[in-house]
Amino acid sequence: MKIVIGNDHAGVGLKNTIKAFLEEKGYEVINVGTDTTESVDYPVYGEKVGRCVADGKADLGIAICGTGLGISLAANKVRGIRACVCSEPYTAVMSRRHNNCNVLCFGARVVGEDLAKMIVEEWLNAKFEGGRHQRRVDLIMKIEEEKN
């Protein structure tokens, strides 16, 4: 499985930790994030992660900024992306089971390395349940198709 990972300047250290964690588990990781702590614009990296998943270059994505929120907003602007911000494992699991989220976001200033690994592990291990949840995901995705 290919996982794309992207980050802004706040997420460099945590990105490197999560990248190594994923590679140790046998995942192929595509790094589209910055590798410098000099200030950059998080929307650029949220979009890169989202486009990589939407275009099929990666199966899933992980995006990291200071809080996880800004980068998730950018990723969610890409058609077909359902990005979630998770600061604990329960929300991560439910985002996959019920919402079939394809991009996981979290904040490097919010979660530590061990918690981030736990969130990632639980998110990757969770499976979409389909059924009534598919109907709801379809309703969410239909919003993208409507003209505003």
# chains A, B, ... in the order shown; residues from 1 in each chain; ligands from 1
call {"tool": "residues_around", "arguments": {"residues": "Glu121 of chain A", "least_positions_apart": "3", "cutoff": "12 Å", "atoms": "only C-alpha atoms", "output": "number ranges by chain"}}
result
A: 18, 21-22, 25, 27, 62, 88-90, 92-93, 96, 104, 114-118, 124-126
call {"tool": "residues_around", "arguments": {"residues": "segment 53-55 of chain A", "least_positions_apart": "6", "cutoff": "12 Å", "atoms": "only C-alpha atoms", "output": "ChimeraX atom specification"}}
result
/A:1-6,30,32,46-47,61-63,75-83,101-104
call {"tool": "closest_residue", "arguments": {"among": "A:Leu69, A:Val85, A:Val111, A:Ile64", "to": "Asn16 of chain A", "atoms": "only C-alpha atoms"}}
result
A:Ile64
call {"tool": "closest_residue", "arguments": {"among": "A:Ile71, A:Met94, A:Ala20, A:Leu60", "to": "Val40 of chain A", "atoms": "only C-alpha atoms"}}
result
A:Ile71
call {"tool": "atom_distance", "arguments": {"atom1": "atom CA of Cys52 of chain A", "atom2": "atom CA of Gly70 of chain A"}}
result
17.9 Å
call {"tool": "closest_residue", "arguments": {"among": "A:Gly26, A:Gly33, A:Gly50, A:Gly11", "to": "Glu113 of chain A", "atoms": "only C-alpha atoms"}}
result
A:Gly11
call {"tool": "select_by_dssp", "arguments": {"residues": "chain A", "states": "helix (DSSP H, G or I)", "output": "ChimeraX atom specification"}}
result
/A:9-24,42-54,69-75,89-97,113-125,132-145
call {"tool": "residues_around", "arguments": {"residues": "Glu38 of chain A", "least_positions_apart": "4", "cutoff": "10 Å", "atoms": "only C-alpha atoms", "output": "list in words"}}
result
Asp8, His9, Ala10 and Thr34 of chain A
call {"tool": "write_last_selection", "arguments": {"atoms": "N, CA and C atoms", "output": "PDB file, in the first residue's frame"}}
result
ATOM      1  N   ASP A   8       3.658  20.935   6.639  1.00  0.00           N
ATOM      2  CA  ASP A   8       4.260  22.265   6.580  1.00  0.00           C
ATOM      3  C   ASP A   8       5.460  22.288   7.518  1.00  0.00           C
ATOM      4  N   HIS A   9       5.972  23.482   7.790  1.00  0.00           N
ATOM      5  CA  HIS A   9       7.159  23.645   8.627  1.00  0.00           C
ATOM      6  C   HIS A   9       6.963  23.128  10.053  1.00  0.00           C
ATOM      7  N   ALA A  10       5.753  23.224  10.583  1.00  0.00           N
ATOM      8  CA  ALA A  10       5.502  22.765  11.955  1.00  0.00           C
ATOM      9  C   ALA A  10       5.539  21.248  12.064  1.00  0.00           C
ATOM     10  N   THR A  34       7.348  19.538   3.101  1.00  0.00           N
ATOM     11  CA  THR A  34       8.593  20.283   3.190  1.00  0.00           C
ATOM     12  C   THR A  34       9.531  19.562   4.154  1.00  0.00           C
TER      13      THR A  34
END
call {"tool": "atom_distance", "arguments": {"atom1": "atom CA of Arg51 of chain A", "atom2": "atom CA of Arg132 of chain A"}}
result
27.4 Å
call {"tool": "closest_residue", "arguments": {"among": "A:Val137, A:Cys86, A:Ala74, A:Ile143", "to": "Tyr42 of chain A", "atoms": "only C-alpha atoms"}}
result
A:Ala74
call {"tool": "decode", "arguments": {"residues": "segment 97-127 of chain A", "atoms": "N, CA, C and O atoms", "output": "compact mmCIF listing (two decimals), in the first residue's frame"}}
result
# COMPACT_ATOMS: atom_id res chain seq x y z
N ARG A 97 -14.24 3.69 9.62
CA ARG A 97 -15.38 2.77 9.66
C ARG A 97 -16.66 3.39 9.11
O ARG A 97 -17.39 2.75 8.38
N HIS A 98 -16.92 4.64 9.49
CA HIS A 98 -18.20 5.26 9.14
C HIS A 98 -18.11 6.27 8.00
O HIS A 98 -19.10 6.49 7.30
N ASN A 99 -16.96 6.91 7.83
CA ASN A 99 -16.84 7.98 6.83
C ASN A 99 -15.91 7.64 5.68
O ASN A 99 -15.79 8.43 4.75
N ASN A 100 -15.23 6.51 5.76
CA ASN A 100 -14.29 6.08 4.73
C ASN A 100 -13.30 7.19 4.39
O ASN A 100 -13.02 7.45 3.21
N CYS A 101 -12.80 7.86 5.43
CA CYS A 101 -11.85 8.95 5.22
C CYS A 101 -10.58 8.42 4.57
O CYS A 101 -10.09 7.35 4.92
N ASN A 102 -10.08 9.18 3.61
CA ASN A 102 -8.90 8.74 2.89
C ASN A 102 -7.66 9.59 3.16
O ASN A 102 -6.58 9.31 2.64
N VAL A 103 -7.81 10.62 3.97
CA VAL A 103 -6.66 11.43 4.41
C VAL A 103 -6.79 11.68 5.91
O VAL A 103 -7.82 12.17 6.38
N LEU A 104 -5.76 11.32 6.64
CA LEU A 104 -5.68 11.52 8.08
C LEU A 104 -4.83 12.76 8.34
O LEU A 104 -3.73 12.88 7.79
N CYS A 105 -5.34 13.66 9.18
CA CYS A 105 -4.60 14.87 9.52
C CYS A 105 -4.46 14.98 11.03
O CYS A 105 -5.37 14.59 11.77
N PHE A 106 -3.34 15.48 11.47
CA PHE A 106 -3.18 15.79 12.89
C PHE A 106 -2.16 16.88 13.07
O PHE A 106 -1.43 17.24 12.14
N GLY A 107 -2.14 17.43 14.28
CA GLY A 107 -1.29 18.56 14.57
C GLY A 107 -0.04 18.19 15.32
O GLY A 107 -0.10 17.54 16.36
N ALA A 108 1.10 18.61 14.79
CA ALA A 108 2.37 18.35 15.45
C ALA A 108 2.49 19.09 16.77
O ALA A 108 3.25 18.68 17.65
N ARG A 109 1.71 20.16 16.93
CA ARG A 109 1.72 20.91 18.19
C ARG A 109 0.63 20.42 19.14
O ARG A 109 0.47 20.97 20.22
N VAL A 110 -0.11 19.39 18.70
CA VAL A 110 -1.22 18.88 19.50
C VAL A 110 -0.94 17.47 20.02
O VAL A 110 -1.23 17.17 21.17
N VAL A 111 -0.40 16.61 19.19
CA VAL A 111 -0.13 15.23 19.58
C VAL A 111 1.37 14.97 19.58
O VAL A 111 2.11 15.53 18.76
N GLY A 112 1.82 14.12 20.47
CA GLY A 112 3.22 13.71 20.51
C GLY A 112 3.47 12.54 19.59
O GLY A 112 2.54 11.99 18.98
N GLU A 113 4.71 12.13 19.51
CA GLU A 113 5.10 11.06 18.59
C GLU A 113 4.39 9.74 18.87
O GLU A 113 3.90 9.09 17.95
N ASP A 114 4.35 9.31 20.12
CA ASP A 114 3.74 8.02 20.45
C ASP A 114 2.24 8.03 20.17
O ASP A 114 1.70 7.06 19.62
N LEU A 115 1.56 9.11 20.52
CA LEU A 115 0.13 9.21 20.23
C LEU A 115 -0.12 9.24 18.73
O LEU A 115 -1.04 8.60 18.23
N ALA A 116 0.71 9.97 17.99
CA ALA A 116 0.56 10.03 16.54
C ALA A 116 0.71 8.64 15.92
O ALA A 116 -0.06 8.26 15.04
N LYS A 117 1.66 7.87 16.39
CA LYS A 117 1.83 6.51 15.88
C LYS A 117 0.60 5.66 16.18
O LYS A 117 0.15 4.88 15.33
N MET A 118 0.06 5.81 17.36
CA MET A 118 -1.14 5.06 17.74
C MET A 118 -2.32 5.45 16.85
O MET A 118 -3.07 4.59 16.38
N ILE A 119 -2.48 6.74 16.60
CA ILE A 119 -3.55 7.23 15.74
C ILE A 119 -3.41 6.65 14.34
O ILE A 119 -4.36 6.14 13.76
N VAL A 120 -2.21 6.71 13.79
CA VAL A 120 -1.95 6.19 12.45
C VAL A 120 -2.22 4.69 12.39
O VAL A 120 -2.89 4.21 11.47
N GLU A 121 -1.73 3.96 13.36
CA GLU A 121 -1.92 2.50 13.39
C GLU A 121 -3.40 2.13 13.42
O GLU A 121 -3.86 1.28 12.64
N GLU A 122 -4.15 2.77 14.28
CA GLU A 122 -5.58 2.47 14.40
C GLU A 122 -6.33 2.87 13.13
O GLU A 122 -7.23 2.16 12.68
N TRP A 123 -5.96 4.00 12.54
CA TRP A 123 -6.61 4.47 11.32
C TRP A 123 -6.36 3.50 10.17
O TRP A 123 -7.28 3.14 9.44
N LEU A 124 -5.13 3.05 10.03
CA LEU A 124 -4.80 2.13 8.95
C LEU A 124 -5.45 0.76 9.13
O LEU A 124 -5.79 0.10 8.15
N ASN A 125 -5.62 0.33 10.36
CA ASN A 125 -6.20 -0.99 10.62
C ASN A 125 -7.72 -1.02 10.53
O ASN A 125 -8.32 -2.08 10.37
N ALA A 126 -8.35 0.14 10.62
CA ALA A 126 -9.82 0.21 10.56
C ALA A 126 -10.29 0.03 9.12
O ALA A 126 -9.62 0.46 8.18
N LYS A 127 -11.43 -0.59 8.96
CA LYS A 127 -12.01 -0.83 7.63
C LYS A 127 -13.39 -0.20 7.54
O LYS A 127 -14.17 -0.21 8.49
